[in-house]
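Structure file data-v6.txt; described as compact mmCIF, C-alpha atoms.
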```txt
# COMPACT_ATOMS: atom_id res chain seq x y z
CA MET A 1 -13.13 -29.24 132.93
CA LYS A 2 -16.19 -28.89 130.73
CA LEU A 3 -19.81 -28.34 131.72
CA ARG A 4 -22.77 -28.96 129.46
CA VAL A 5 -24.82 -25.78 129.07
CA ASP A 6 -28.07 -27.79 129.39
CA ASP A 7 -26.94 -29.05 132.82
CA ILE A 8 -26.55 -25.50 134.19
CA THR A 9 -29.88 -24.56 135.73
CA ALA A 10 -31.28 -21.67 137.77
CA ASP A 11 -30.52 -23.63 140.95
CA ALA A 12 -26.95 -22.97 142.11
CA LYS A 13 -24.70 -26.01 142.12
CA GLU A 14 -21.32 -26.55 143.77
CA LEU A 15 -18.39 -28.27 142.13
CA ALA A 16 -14.86 -29.01 143.36
CA PHE A 17 -12.15 -30.27 141.01
CA SER A 18 -8.43 -30.13 140.29
CA GLU A 19 -7.09 -28.53 137.14
CA PRO A 20 -3.76 -30.03 135.97
CA GLN A 21 -0.77 -27.70 136.19
CA GLY A 22 0.82 -28.70 132.84
CA GLU A 23 -0.80 -26.06 130.61
CA ILE A 24 -0.33 -23.31 133.19
CA ASN A 25 3.36 -24.18 133.63
CA ARG A 26 3.76 -24.20 129.84
CA ALA A 27 2.18 -20.74 129.64
CA LEU A 28 4.45 -19.50 132.44
CA GLY A 29 7.53 -20.85 130.64
CA LEU A 30 6.64 -19.08 127.43
CA GLY A 31 5.42 -15.82 128.90
CA PRO A 32 6.99 -12.80 130.53
CA ILE A 33 6.71 -14.14 134.10
CA ARG A 34 9.05 -17.14 134.04
CA GLU A 35 9.91 -16.89 137.74
CA TYR A 36 6.97 -19.13 138.72
CA ARG A 37 5.94 -22.74 138.35
CA LEU A 38 3.14 -24.74 139.91
CA GLU A 39 4.13 -27.77 142.00
CA GLY A 40 0.80 -29.50 141.70
CA PRO A 41 -2.71 -29.16 140.32
CA VAL A 42 -4.86 -26.11 140.92
CA SER A 43 -7.69 -26.80 143.38
CA VAL A 44 -10.92 -25.17 142.28
CA VAL A 45 -14.18 -24.76 144.22
CA LEU A 46 -16.94 -23.42 142.00
CA SER A 47 -20.57 -22.38 142.29
CA TYR A 48 -22.57 -21.92 139.10
CA TYR A 49 -26.09 -21.24 137.85
CA SER A 50 -27.94 -19.76 134.88
CA ALA A 51 -30.33 -16.88 134.45
CA GLY A 52 -31.86 -16.90 131.01
CA THR A 53 -29.04 -17.49 128.55
CA GLU A 54 -26.34 -16.06 130.82
CA LEU A 55 -24.21 -18.38 132.94
CA PHE A 56 -22.83 -17.22 136.29
CA PHE A 57 -19.69 -18.67 137.91
CA ARG A 58 -18.15 -17.81 141.28
CA GLY A 59 -15.21 -19.64 142.73
CA GLU A 60 -11.90 -19.82 144.48
CA LEU A 61 -8.67 -21.43 143.36
CA THR A 62 -5.55 -22.38 145.29
CA ALA A 63 -2.20 -23.84 144.24
CA ALA A 64 1.28 -24.48 145.57
CA THR A 65 3.64 -22.20 143.67
CA VAL A 66 7.43 -22.22 143.50
CA ALA A 67 9.03 -18.93 142.56
CA THR A 68 12.49 -17.40 142.22
CA CYS A 69 12.91 -14.29 144.35
CA ALA A 70 13.51 -11.14 142.31
CA ARG A 71 15.99 -9.80 144.89
CA CYS A 72 18.04 -12.77 146.16
CA ALA A 73 17.45 -15.30 143.32
CA GLU A 74 16.54 -18.04 145.83
CA GLU A 75 13.63 -20.40 145.17
CA PHE A 76 10.77 -20.34 147.66
CA VAL A 77 7.35 -21.92 148.02
CA ALA A 78 4.40 -19.58 148.18
CA PRO A 79 0.73 -20.52 148.24
CA SER A 80 -1.30 -18.76 145.57
CA GLY A 81 -5.03 -18.22 145.68
CA ARG A 82 -7.69 -16.07 144.13
CA SER A 83 -11.43 -15.58 144.22
CA PHE A 84 -13.08 -15.02 140.86
CA ARG A 85 -16.40 -14.65 139.14
CA TYR A 86 -17.51 -14.80 135.54
CA VAL A 87 -20.63 -14.13 133.55
CA LEU A 88 -20.79 -15.95 130.24
CA ALA A 89 -23.25 -15.08 127.49
CA PRO A 90 -23.82 -16.88 124.20
CA ARG A 91 -21.56 -15.59 121.42
CA SER A 92 -24.63 -15.19 119.19
CA ILE A 93 -25.86 -12.26 121.34
CA GLY A 94 -22.42 -10.86 122.23
CA ASP A 95 -21.11 -7.65 120.68
CA ASP A 96 -17.45 -7.96 119.68
CA SER A 97 -17.49 -4.70 117.69
CA ASN A 98 -16.71 -2.46 120.69
CA ALA A 99 -13.13 -3.22 121.75
CA ASP A 100 -13.03 -0.76 124.68
CA LEU A 101 -12.86 -2.70 127.94
CA ARG A 102 -14.49 -1.57 131.14
CA ALA A 103 -13.78 -3.05 134.58
CA GLU A 104 -16.94 -5.16 134.49
CA ASP A 105 -15.90 -6.55 131.09
CA LEU A 106 -13.02 -8.39 132.75
CA GLU A 107 -15.59 -10.65 134.41
CA PHE A 108 -17.62 -11.09 131.24
CA SER A 109 -16.95 -13.52 128.41
CA LEU A 110 -18.74 -15.30 125.61
CA TYR A 111 -19.35 -18.98 125.01
CA GLU A 112 -20.55 -20.96 122.03
CA GLY A 113 -21.70 -24.49 121.56
CA GLU A 114 -23.23 -26.97 123.96
CA GLU A 115 -20.35 -26.99 126.45
CA VAL A 116 -18.44 -24.44 128.49
CA ASN A 117 -14.74 -25.16 128.83
CA LEU A 118 -13.58 -23.86 132.22
CA THR A 119 -9.88 -24.62 131.62
CA PRO A 120 -9.02 -21.30 129.89
CA LEU A 121 -10.88 -19.36 132.60
CA ILE A 122 -9.02 -21.20 135.39
CA ARG A 123 -5.68 -20.72 133.61
CA GLU A 124 -6.32 -16.98 133.28
CA GLN A 125 -7.29 -16.63 136.94
CA MET A 126 -4.23 -18.59 138.10
CA LEU A 127 -1.93 -16.29 136.10
CA LEU A 128 -3.69 -13.27 137.61
CA ALA A 129 -3.20 -14.69 141.12
CA LEU A 130 0.60 -14.50 140.81
CA PRO A 131 2.30 -11.33 142.06
CA THR A 132 4.09 -9.34 139.36
CA ARG A 133 7.34 -9.43 141.34
CA PRO A 134 8.06 -12.54 143.39
CA LEU A 135 9.70 -11.86 146.75
CA CYS A 136 10.67 -14.58 149.24
CA ARG A 137 9.72 -12.12 151.98
CA ASP A 138 8.89 -8.42 152.13
CA ASP A 139 12.16 -7.48 153.83
CA CYS A 140 14.42 -9.49 151.49
CA ARG A 141 17.82 -7.75 151.36
CA GLY A 142 18.82 -9.28 148.02
CA LEU A 143 22.35 -9.82 146.73
CA CYS A 144 25.49 -7.74 147.28
CA PRO A 145 26.12 -5.77 144.08
CA ARG A 146 29.88 -6.37 144.41
CA CYS A 147 30.42 -9.98 145.45
CA GLY A 148 26.93 -11.48 144.91
CA ALA A 149 26.52 -12.77 148.47
CA ASN A 150 22.97 -13.35 149.68
CA LEU A 151 22.55 -10.59 152.27
CA ASN A 152 19.70 -12.49 153.95
CA GLU A 153 22.19 -15.18 155.03
CA ARG A 154 25.24 -13.13 155.99
CA GLU A 155 26.95 -9.76 155.75
CA CYS A 156 29.56 -9.84 153.02
CA GLY A 157 31.98 -7.16 154.27
CA CYS A 158 32.16 -5.29 150.97
CA VAL A 159 32.53 -1.52 151.21
CA ILE A 160 29.86 0.08 149.11
CA GLU A 161 30.15 3.74 148.26
CA SER A 162 27.00 5.57 149.14
CA ALA A 163 26.92 7.79 146.07
CA ASP A 164 28.18 7.84 142.51
CA ALA A 165 31.29 10.05 142.25
CA ARG A 166 29.93 11.60 139.06
CA LEU A 167 27.10 13.11 141.08
CA SER A 168 29.35 14.71 143.73
CA VAL A 169 29.01 18.12 142.08
CA LEU A 170 25.35 18.12 143.08
CA ARG A 171 26.34 18.26 146.77
CA SER A 172 27.69 21.77 146.30
CA ILE A 173 24.41 23.19 144.98
CA LYS A 174 22.66 25.44 147.45
CA VAL A 175 18.89 25.47 147.30
CA ARG A 176 17.03 28.44 148.69
CA ARG A 177 13.73 27.70 150.29
CA PRO A 178 10.87 30.16 149.93
CA ASN A 179 9.80 31.92 153.10
```
Represent the structure of the file as structure tokens.
Amino acid sequence: MKLRVDDITADAKELAFSEPQGEINRALGLGPIREYRLEGPVSVVLSYYSAGTELFFRGELTAATVATCARCAEEFVAPSGRSFRYVLAPRSIGDDSNADLRAEDLEFSLYEGEEVNLTPLIREQMLLALPTRPLCRDDCRGLCPRCGANLNERECGCVIESADARLSVLRSIKVRRPN
């Protein structure tokens, strides 16, 4: 989605659109978080306006996400959403010489030309909306380390030793507590 800079005025405008999932799924497949994929387009609701040469964007995105649980390896559907805001300034007045990022810099970017391409901003926000570790539920019990059974579905009956035999010598250590 592209907006012409001349069409962004001081009066706030609303915009709702869908961003195709193809590029985001491609980025997920190539990146470090391959456990996710989007099942459909990203729905975006956006408010935008300008103040001088700076452009202000505030919005919310939602998408249906399919993930593979990090504990039980089962696929599950999880809705993903995120609120975001951006301030864009013309590249001609931006200062790229200072590479140290502050928290407010994460909401600041530069644009150049007559149009603002929102696709990279939406893609970035969608990737940030995904949890770092996908879990089908908070109390997921995972897989049995011996037989691989999904412990959410059934008990497997394997006997699991509670401690590593190599560490048994540590049980004999006596620790004195200060008075």
Subject >> Exercise: Gly22 (chain A) partners within 12 Å, all atoms listed in the file, chain neighbours under 6 positions left out, as a ChimeraX atom specification >> reply: /A:28-29,37-42,119,123
**OP:** Take CA of Ser92 (chain A) and CA of Leu128 (chain A) and report the distance between them in Å, one decimal.
**Re:**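 If I compute the distance from CA of Ser92 (chain A) to CA of Leu128 (chain A), I get 28.0 Å.
For the choices A:Leu15, A:Ala63, A:Leu55, A:Val77, the atom-to-atom distance to Leu110 (chain A) is smallest for A:Leu55 when using all atoms listed in the file.
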**OP:** Tell me, as a list in words, which residues lie within 12 Å of Pro79 (chain A), counting all atoms listed in the file; anything in the same chain fewer than 3 positions away does not count.
**Re:**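 Contacts, with the query itself left out: Tyr36, Arg37, Leu38, Glu39, Gly40, Val42, Ser43, Leu61, Thr62, Ala63, Ala64, Thr65, Val66, Ala67, Phe76, Arg82, Met126, Ala129, Leu130, Pro131, Pro134 and Cys136 of chain A.
One distance worth recording is that between CA of Cys147 (chain A) and CA of Ser168 (chain A), which is 24.8 Å.
Here CA of Gly157 (chain A) and CA of Cys144 (chain A) stand 9.6 Å from one another.
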Original post:
Hey, which of A:Arg26, A:Glu124, A:Ala89, A:Glu54 ends up closest to Thr9 (chain A)? Count only C-alpha atoms.
Top reply: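 Using only C-alpha atoms, Thr9 (chain A) sits closest to A:Glu54.
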Subject >> Option closest in space to Ser109 (chain A), from A:Leu3, A:Gly142, A:Arg91, A:Ile24 [counting all atoms listed in the file] >> reply: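 Result for the nearest residue to Ser109 (chain A): A:Arg91.
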Subject >> Pick from A:Gly113, A:Leu118, A:Glu35, A:Val5 nearest to Gly59 (chain A), counting only C-alpha atoms >> reply: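 Looking at the shortest contact to Gly59 (chain A), the residue is A:Leu118.
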**OP:** Would you kindly return, as a ChimeraX atom specification, each protein, DNA or RNA residue with an atom no farther than 7 Å from any atom of Ala16 (chain A), considering only C-alpha atoms and excluding same-chain residues fewer than 4 positions away?
**Re:** /A:44-46
Original post:
Between A:Ala73, A:Ile8, A:Leu143, A:Ala27, which one has atoms that come closest to Gly52 (chain A), using all atoms listed in the file?
Top reply: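 The closest residue to Gly52 (chain A) is A:Ile8.
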**OP:** Give the answer as one residue: which of A:Gly81, A:Ile122, A:Phe56, A:Ser172 has the shortest atom-to-atom distance to Phe108 (chain A), using only C-alpha atoms?
**Re:**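 Between A:Gly81, A:Ile122, A:Phe56, A:Ser172, the residue approaching Phe108 (chain A) most closely is A:Phe56.
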